[in-house]
Every structure is written in structure tokens, then in C-alpha cells.
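Q: Sending over my_file.pdb (PDB, C-alpha atoms).
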```
ATOM      1  CA  MET P   1       2.559  22.528  83.460
ATOM      2  CA  PRO P   2      -0.830  22.466  85.246
ATOM      3  CA  PRO P   3      -1.211  20.081  88.125
ATOM      4  CA  VAL P   4      -2.785  16.721  87.291
ATOM      5  CA  ASN P   5      -5.991  15.881  89.090
ATOM      6  CA  PRO P   6      -5.344  12.444  90.564
ATOM      7  CA  ARG P   7      -9.050  11.534  90.300
ATOM      8  CA  ALA P   8      -9.040  12.097  86.499
ATOM      9  CA  THR P   9      -6.604   9.244  85.933
ATOM     10  CA  THR P  10      -8.214   6.626  88.143
ATOM     11  CA  PRO P  11      -9.664   3.549  86.444
ATOM     12  CA  ARG P  12     -13.149   4.661  87.499
ATOM     13  CA  ALA P  13     -12.757   8.098  85.828
ATOM     14  CA  GLN P  14     -11.399   6.501  82.665
ATOM     15  CA  LYS P  15     -14.311   4.062  82.583
ATOM     16  CA  THR P  16     -16.796   6.942  83.025
ATOM     17  CA  ARG P  17     -15.210   8.875  80.126
ATOM     18  CA  LEU P  18     -15.262   5.763  77.948
ATOM     19  CA  ILE P  19     -18.951   5.106  78.706
ATOM     20  CA  SER P  20     -19.917   8.722  77.975
ATOM     21  CA  SER P  21     -17.935   8.665  74.706
ATOM     22  CA  VAL P  22     -19.640   5.444  73.602
ATOM     23  CA  ALA P  23     -23.039   6.892  74.538
ATOM     24  CA  MET P  24     -22.376  10.013  72.424
ATOM     25  CA  LEU P  25     -21.282   7.832  69.499
ATOM     26  CA  VAL P  26     -24.479   5.747  69.761
ATOM     27  CA  VAL P  27     -26.650   8.884  69.862
ATOM     28  CA  ALA P  28     -24.866  10.278  66.776
ATOM     29  CA  ALA P  29     -25.234   6.969  64.864
ATOM     30  CA  VAL P  30     -28.950   6.742  65.697
ATOM     31  CA  GLY P  31     -29.442  10.352  64.561
ATOM     32  CA  VAL P  32     -27.684   9.763  61.229
ATOM     33  CA  SER P  33     -29.624   6.547  60.668
ATOM     34  CA  TYR P  34     -32.955   8.251  61.442
ATOM     35  CA  TYR P  35     -32.189  11.123  59.061
ATOM     36  CA  SER P  36     -31.110   8.754  56.280
ATOM     37  CA  VAL P  37     -34.211   6.583  56.555
ATOM     38  CA  ARG P  38     -36.515   9.618  56.645
ATOM     39  CA  LYS P  39     -34.777  11.324  53.690
ATOM     40  CA  THR P  40     -34.758   8.155  51.575
ATOM     41  CA  ASN P  41     -38.457   7.534  52.269
ATOM     42  CA  GLU P  42     -39.273  11.140  51.305
ATOM     43  CA  LEU P  43     -37.476  10.631  47.986
ATOM     44  CA  PHE P  44     -39.304   7.326  47.361
ATOM     45  CA  ASP P  45     -42.645   9.047  48.073
ATOM     46  CA  ILE P  46     -41.994  11.532  45.261
ATOM     47  CA  GLY P  47     -42.123   8.644  42.772
ATOM     48  CA  VAL P  48     -45.163   7.014  44.357
ATOM     49  CA  LYS P  49     -47.099  10.303  44.189
ATOM     50  CA  ALA P  50     -46.271  10.612  40.493
ATOM     51  CA  HIS P  51     -47.476   7.049  39.861
ATOM     52  CA  VAL P  52     -50.737   7.495  41.758
ATOM     53  CA  GLN P  53     -51.555  10.916  40.260
ATOM     54  CA  CYS P  54     -50.287  10.376  36.731
ATOM     55  CA  ALA P  55     -50.769   6.667  36.010
ATOM     56  CA  VAL P  56     -53.528   5.480  38.307
ATOM     57  CA  ALA P  57     -55.658   8.662  38.296
ATOM     58  CA  ARG P  58     -54.464   9.622  34.766
ATOM     59  CA  TYR P  59     -54.018  13.352  35.106
ATOM     60  CA  GLY P  60     -51.569  14.669  32.552
ATOM     61  CA  SER P  61     -51.104  16.187  29.126
ATOM     62  CA  GLN P  62     -49.313  14.955  26.008
ATOM     63  CA  SER P  63     -45.568  15.557  26.130
ATOM     64  CA  ALA P  64     -42.868  15.708  23.461
ATOM     65  CA  GLN P  65     -40.202  15.138  26.129
ATOM     66  CA  ALA P  66     -41.942  11.939  27.285
ATOM     67  CA  SER P  67     -42.167  10.861  23.645
ATOM     68  CA  ALA P  68     -38.408  11.266  23.201
ATOM     69  CA  LEU P  69     -37.744   9.250  26.368
ATOM     70  CA  ALA P  70     -40.180   6.550  25.193
ATOM     71  CA  ASP P  71     -38.271   6.244  21.904
ATOM     72  CA  ALA P  72     -35.097   5.604  23.911
ATOM     73  CA  LEU P  73     -36.819   2.844  25.929
ATOM     74  CA  LYS P  74     -38.798   1.017  23.204
ATOM     75  CA  ALA P  75     -36.400  -1.878  22.585
ATOM     76  CA  ALA P  76     -35.989  -2.639  26.291
ATOM     77  CA  LEU P  77     -39.739  -2.497  26.820
ATOM     78  CA  ALA P  78     -40.605  -4.774  23.893
ATOM     79  CA  ALA P  79     -38.259  -7.438  25.261
ATOM     80  CA  GLY P  80     -40.237  -7.474  28.530
ATOM     81  CA  GLY P  81     -43.697  -7.562  26.981
ATOM     82  CA  MET P  82     -44.508  -3.994  28.024
ATOM     83  CA  ARG P  83     -46.418  -1.495  25.963
ATOM     84  CA  ILE P  84     -46.531   2.275  26.249
ATOM     85  CA  VAL P  85     -50.031   3.587  26.920
ATOM     86  CA  ALA P  86     -49.385   7.253  27.799
ATOM     87  CA  LEU P  87     -46.686   9.856  27.256
ATOM     88  CA  GLN P  88     -47.347  12.914  29.340
ATOM     89  CA  THR P  89     -46.252  15.805  31.451
ATOM     90  CA  CYS P  90     -47.920  15.596  34.807
ATOM     91  CA  SER P  91     -48.072  17.562  38.057
ATOM     92  CA  ALA P  92     -48.309  15.890  41.440
ATOM     93  CA  ALA P  93     -47.645  17.327  44.889
ATOM     94  CA  GLY P  94     -46.350  20.567  43.378
ATOM     95  CA  ARG P  95     -43.799  18.908  41.069
ATOM     96  CA  GLU P  96     -43.642  18.563  37.301
ATOM     97  CA  TYR P  97     -42.921  15.122  35.857
ATOM     98  CA  THR P  98     -42.027  13.737  32.489
ATOM     99  CA  HIS P  99     -44.088  10.600  32.710
ATOM    100  CA  ILE P 100     -44.536   7.416  30.726
ATOM    101  CA  VAL P 101     -47.242   4.940  31.649
ATOM    102  CA  LEU P 102     -46.526   1.348  30.657
ATOM    103  CA  ARG P 103     -48.789  -1.671  30.801
ATOM    104  CA  GLN P 104     -47.991  -5.300  31.231
ATOM    105  CA  GLY P 105     -51.316  -7.063  31.148
ATOM    106  CA  SER P 106     -53.491  -5.043  33.503
ATOM    107  CA  ASP P 107     -50.585  -3.722  35.589
ATOM    108  CA  ALA P 108     -49.615  -0.058  35.231
ATOM    109  CA  VAL P 109     -45.960   0.911  35.533
ATOM    110  CA  SER P 110     -44.720   4.486  35.808
ATOM    111  CA  VAL P 111     -41.427   5.757  34.479
ATOM    112  CA  ALA P 112     -41.153   9.289  35.825
ATOM    113  CA  LEU P 113     -38.484  11.975  35.818
ATOM    114  CA  THR P 114     -38.604  15.158  37.875
ATOM    115  CA  ARG P 115     -35.997  17.860  38.395
ATOM    116  CA  ARG P 116     -33.876  17.130  41.436
ATOM    117  CA  GLY P 117     -33.846  19.818  44.118
ATOM    118  CA  GLU P 118     -30.576  20.953  45.639
ATOM    119  CA  GLN P 119     -31.134  18.937  48.830
ATOM    120  CA  GLU P 120     -32.625  15.867  47.117
ATOM    121  CA  ILE P 121     -29.743  13.457  47.263
ATOM    122  CA  PHE P 122     -30.048   9.828  48.298
ATOM    123  CA  PRO P 123     -28.146   9.247  51.536
ATOM    124  CA  ARG P 124     -26.171   6.088  52.000
ATOM    125  CA  ALA P 125     -28.598   3.179  52.167
ATOM    126  CA  PHE P 126     -30.266   2.798  55.544
ATOM    127  CA  ALA P 127     -33.742   2.470  54.031
ATOM    128  CA  GLY P 128     -34.502   0.259  51.114
ATOM    129  CA  HIS P 129     -31.974  -1.726  49.192
ATOM    130  CA  VAL P 130     -29.340  -0.416  46.776
ATOM    131  CA  VAL P 131     -28.090  -2.296  43.731
ATOM    132  CA  ASN P 132     -25.585  -1.083  41.176
ATOM    133  CA  THR P 133     -26.476  -1.488  37.522
ATOM    134  CA  ALA P 134     -23.995  -0.193  34.946
ATOM    135  CA  GLY P 135     -22.491   2.006  37.675
ATOM    136  CA  ILE P 136     -25.893   3.474  38.633
ATOM    137  CA  PRO P 137     -26.951   3.046  42.271
ATOM    138  CA  ILE P 138     -30.632   2.077  42.165
ATOM    139  CA  HIS P 139     -32.486   2.480  45.467
ATOM    140  CA  GLU P 140     -35.308  -0.050  45.809
ATOM    141  CA  ALA P 141     -38.070  -0.264  48.398
ATOM    142  CA  THR P 142     -41.723  -1.001  48.885
ATOM    143  CA  ARG P 143     -43.902   1.979  49.779
ATOM    144  CA  GLY P 144     -47.477   0.999  50.542
ATOM    145  CA  ALA P 145     -48.733  -1.207  47.700
ATOM    146  CA  TYR P 146     -45.993  -0.115  45.281
ATOM    147  CA  ARG P 147     -42.474  -1.205  44.479
ATOM    148  CA  VAL P 148     -40.263   1.834  43.875
ATOM    149  CA  ALA P 149     -36.884   1.981  42.193
ATOM    150  CA  ALA P 150     -35.268   5.409  42.256
ATOM    151  CA  PHE P 151     -31.964   6.772  41.018
ATOM    152  CA  ASP P 152     -30.196   9.955  40.040
ATOM    153  CA  ALA P 153     -30.240  10.640  36.304
ATOM    154  CA  GLY P 154     -28.247  13.782  35.649
ATOM    155  CA  PRO P 155     -30.277  16.748  36.919
ATOM    156  CA  TYR P 156     -33.318  14.495  37.491
ATOM    157  CA  LEU P 157     -34.640  12.024  39.997
ATOM    158  CA  ALA P 158     -35.853   9.012  38.007
ATOM    159  CA  TYR P 159     -38.440   6.498  39.192
ATOM    160  CA  VAL P 160     -39.866   3.182  38.108
ATOM    161  CA  VAL P 161     -42.987   2.501  40.193
ATOM    162  CA  SER P 162     -45.415  -0.401  39.952
ATOM    163  CA  ALA P 163     -47.481  -2.971  41.774
ATOM    164  CA  LEU P 164     -45.605  -5.756  39.962
ATOM    165  CA  PRO P 165     -43.881  -8.405  42.098
ATOM    166  CA  ASP P 166     -40.653  -7.069  43.631
ATOM    167  CA  ALA P 167     -38.266  -9.151  41.522
ATOM    168  CA  GLU P 168     -40.054  -8.244  38.290
ATOM    169  CA  SER P 169     -40.204  -4.541  39.135
ATOM    170  CA  ASP P 170     -36.546  -4.480  40.201
ATOM    171  CA  ALA P 171     -35.452  -6.260  37.006
ATOM    172  CA  LEU P 172     -37.388  -3.738  34.890
ATOM    173  CA  ALA P 173     -35.747  -0.832  36.711
ATOM    174  CA  ALA P 174     -32.303  -2.390  36.198
ATOM    175  CA  ARG P 175     -33.023  -2.765  32.463
ATOM    176  CA  LEU P 176     -34.283   0.813  32.070
ATOM    177  CA  ALA P 177     -31.914   2.742  34.378
ATOM    178  CA  PRO P 178     -28.934   2.925  31.975
ATOM    179  CA  LEU P 179     -31.198   4.072  29.126
ATOM    180  CA  ILE P 180     -32.958   6.674  31.274
ATOM    181  CA  SER P 181     -29.625   7.958  32.626
ATOM    182  CA  GLN P 182     -28.250   8.254  29.104
ATOM    183  CA  TYR P 183     -31.380  10.100  27.957
ATOM    184  CA  ALA P 184     -31.315  12.480  30.935
ATOM    185  CA  ALA P 185     -27.595  13.281  30.720
ATOM    186  CA  PRO P 186     -27.039  17.043  30.344
TER     187      PRO P 186
END
```
I'd like the structure from this file rewritten - as C-alpha cells, please.
A:
Amino acid sequence: MPPVNPRATTPRAQKTRLISSVAMLVVAAVGVSYYSVRKTNELFDIGVKAHVQCAVARYGSQSAQASALADALKAALAAGGMRIVALQTCSAAGREYTHIVLRQGSDAVSVALTRRGEQEIFPRAFAGHVVNTAGIPIHEATRGAYRVAAFDAGPYLAYVVSALPDAESDALAARLAPLISQYAAP
């Protein structure tokens, strides 16, 4: 058995080891939190870019896939006083979207789906707010002037983006998420 260093077992040495262990734990927690916030914000920005490019600037082409998704959402939209104004495939920031533009009065709302990349997974919530609707974790946040609700829908990232008041936008996303997830299921 190797000899024991008497200084390693003193209360001062133990306190030093404890402080350094706590410091390493704090550094690791801050690093994980920073990564999670950054990754979640990047995923929210995907939806905002689709809304700005496809709904606000109106760049897109007619889409049969968007039409099929719109058929799945019609009943839920009618109940909320929304109308569909565009069904399109759209490109924004190098991504392809199946995109539906809704209107409630003069407010545009985007429902957008884009293929999820291998590394595009929502981390545990450190940014935004997460609610569960019908077993679907919906990540909600405000990015600039827009309220974003985002969730995984099979092989897609799904977004509901608008400038509606937070509660109204969040309620719409909660109403549509189960229908979108069912539509997008492989």
C-alpha cells in the first residue's frame, strides 16, 4: 500500500478539493446551459426565417403537400376564425418548407414544416418555455417581433409563427400541433 500523504487528508486539503470540484461543476452547468440556449434559439430562428420569407415577403410556389396539410387543419382553423390565404413550398436560408399562410384579420400566421437535420433536436428547455399538448412538447418563445412555437413532427421541425399576442399564438399552436404531428407521421 502506498504511503498516505498527511497533507492530503487535512481539513484544508479537503476544503480545497471540494471548492475545485464545485467550481468544475459550475463551469460544466454554465456550458450546458449556454449550449442549450444557443441551440434552441437557432431552431426558433429557422421558423422565423420561414415566416418572414414565405408569409411576409410572399416568396413561394403552389404546393400539393401544403394543400394536404391545410385539409387536415381546416376544422381547427375555422373554429379560431382563421382563413388560409396561401399554400406553398418555399425556400428560406437554404431550407425547403411546406408552408401555409393563415390570416386572422390583418395578422399573418405561418404554419411551416421543414425536414429536420440529424443534429436539429431541441435540448431540454433552458430557452423559451415548453408545454406538453397531447404528449407533444411545444417549445415557445418570442424572437424579435414574432411569437414562435416549435415542435418535432416525425421527420420534420414544425413551426407556428405570428405577431399575434403570446397567449393567442400559443393557444393556436396547441390546437394545431396534434393535427400537424399526425399529418407528418411517417
Q: On this structure, the PyMOL selection byres ((chain P and resi 109) around 10) would catch which residues? List them as number ranges by chain, sorted by chain and number.
A: P: 51, 55-56, 82-85, 100-104, 106-108, 110-112, 146-147, 160-164, 169, 172
Q: Report as number ranges by chain the residues that result from applying the PyMOL selection byres ((chain P and resi 175) around 10) to the structure here.
A: P: 73, 76-77, 80, 133-134, 169-174, 176-180
Q: Output C-alpha atoms for every residue in the selection just made, as a PDB file, in the frame of the given file.
A:
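What follows is the written file selection21.pdb:
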```pdb
ATOM      1  CA  LEU P  73     -36.819   2.844  25.929  1.00  0.00           C
ATOM      2  CA  ALA P  76     -35.989  -2.639  26.291  1.00  0.00           C
ATOM      3  CA  LEU P  77     -39.739  -2.497  26.820  1.00  0.00           C
ATOM      4  CA  GLY P  80     -40.237  -7.474  28.530  1.00  0.00           C
ATOM      5  CA  THR P 133     -26.476  -1.488  37.522  1.00  0.00           C
ATOM      6  CA  ALA P 134     -23.995  -0.193  34.946  1.00  0.00           C
ATOM      7  CA  SER P 169     -40.204  -4.541  39.135  1.00  0.00           C
ATOM      8  CA  ASP P 170     -36.546  -4.480  40.201  1.00  0.00           C
ATOM      9  CA  ALA P 171     -35.452  -6.260  37.006  1.00  0.00           C
ATOM     10  CA  LEU P 172     -37.388  -3.738  34.890  1.00  0.00           C
ATOM     11  CA  ALA P 173     -35.747  -0.832  36.711  1.00  0.00           C
ATOM     12  CA  ALA P 174     -32.303  -2.390  36.198  1.00  0.00           C
ATOM     13  CA  LEU P 176     -34.283   0.813  32.070  1.00  0.00           C
ATOM     14  CA  ALA P 177     -31.914   2.742  34.378  1.00  0.00           C
ATOM     15  CA  PRO P 178     -28.934   2.925  31.975  1.00  0.00           C
ATOM     16  CA  LEU P 179     -31.198   4.072  29.126  1.00  0.00           C
ATOM     17  CA  ILE P 180     -32.958   6.674  31.274  1.00  0.00           C
TER      18      ILE P 180
END
```
Q: For Arg143 in chain P, which residue among P:Pro11, P:Glu120, P:Ala184, P:Gly47 is the nearest when counting all atoms listed in the file?
A: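 Of P:Pro11, P:Glu120, P:Ala184, P:Gly47, the one nearest Arg143 in chain P is P:Gly47, counting all atoms listed in the file.
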Q: Quick one: residues within 10 Å of Asp152 in chain P, all atoms listed in the file counted, chain neighbours fewer than 4 positions away excluded, as a PyMOL selection string?
A: chain P and resi 113+115-116+120-122+136-139+156-159+177+180-181+184
Q: May I have the selected residues written with C-alpha atoms, as a short mmCIF file (atom, residue, chain, number, x, y, z; two decimals), keeping the file's coordinate frame?
A:
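Output contents, as saved in part-v6.cif:
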```cif
data_model
loop_
_atom_site.label_atom_id
_atom_site.label_comp_id
_atom_site.auth_asym_id
_atom_site.auth_seq_id
_atom_site.Cartn_x
_atom_site.Cartn_y
_atom_site.Cartn_z
CA LEU P 113 -38.48 11.98 35.82
CA ARG P 115 -36.00 17.86 38.40
CA ARG P 116 -33.88 17.13 41.44
CA GLU P 120 -32.62 15.87 47.12
CA ILE P 121 -29.74 13.46 47.26
CA PHE P 122 -30.05 9.83 48.30
CA ILE P 136 -25.89 3.47 38.63
CA PRO P 137 -26.95 3.05 42.27
CA ILE P 138 -30.63 2.08 42.16
CA HIS P 139 -32.49 2.48 45.47
CA TYR P 156 -33.32 14.50 37.49
CA LEU P 157 -34.64 12.02 40.00
CA ALA P 158 -35.85 9.01 38.01
CA TYR P 159 -38.44 6.50 39.19
CA ALA P 177 -31.91 2.74 34.38
CA ILE P 180 -32.96 6.67 31.27
CA SER P 181 -29.62 7.96 32.63
CA ALA P 184 -31.32 12.48 30.94
#
```
Q: Provide the CA of Ala79 in chain P to CA of Glu96 in chain P distance in Å, to one decimal place.
A: 29.2 Å
Q: Under the rule that all atoms listed in the file are counted, which of P:Leu43, P:Leu69, P:Ala93, P:Ala75 is the nearest residue to Glu140 in chain P?
A: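 So, comparing all the options, the nearest one is P:Leu43.
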Q: How far is it from CA of Gly105 in chain P to CA of Gly81 in chain P, in Å with one decimal?
A: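 The value is 8.7 Å.
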Q: What separation in Å, quoted to one decimal, exists between CA of Glu42 in chain P and CA of Pro165 in chain P?
A: 22.1 Å
Q: Measuring between all atoms listed in the file, which one of P:Val27, P:Val131, P:Ile46, P:Ala153 shows the shortest distance to Gly94 in chain P?
A: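 Among the listed residues, P:Ile46 lies closest to Gly94 in chain P.
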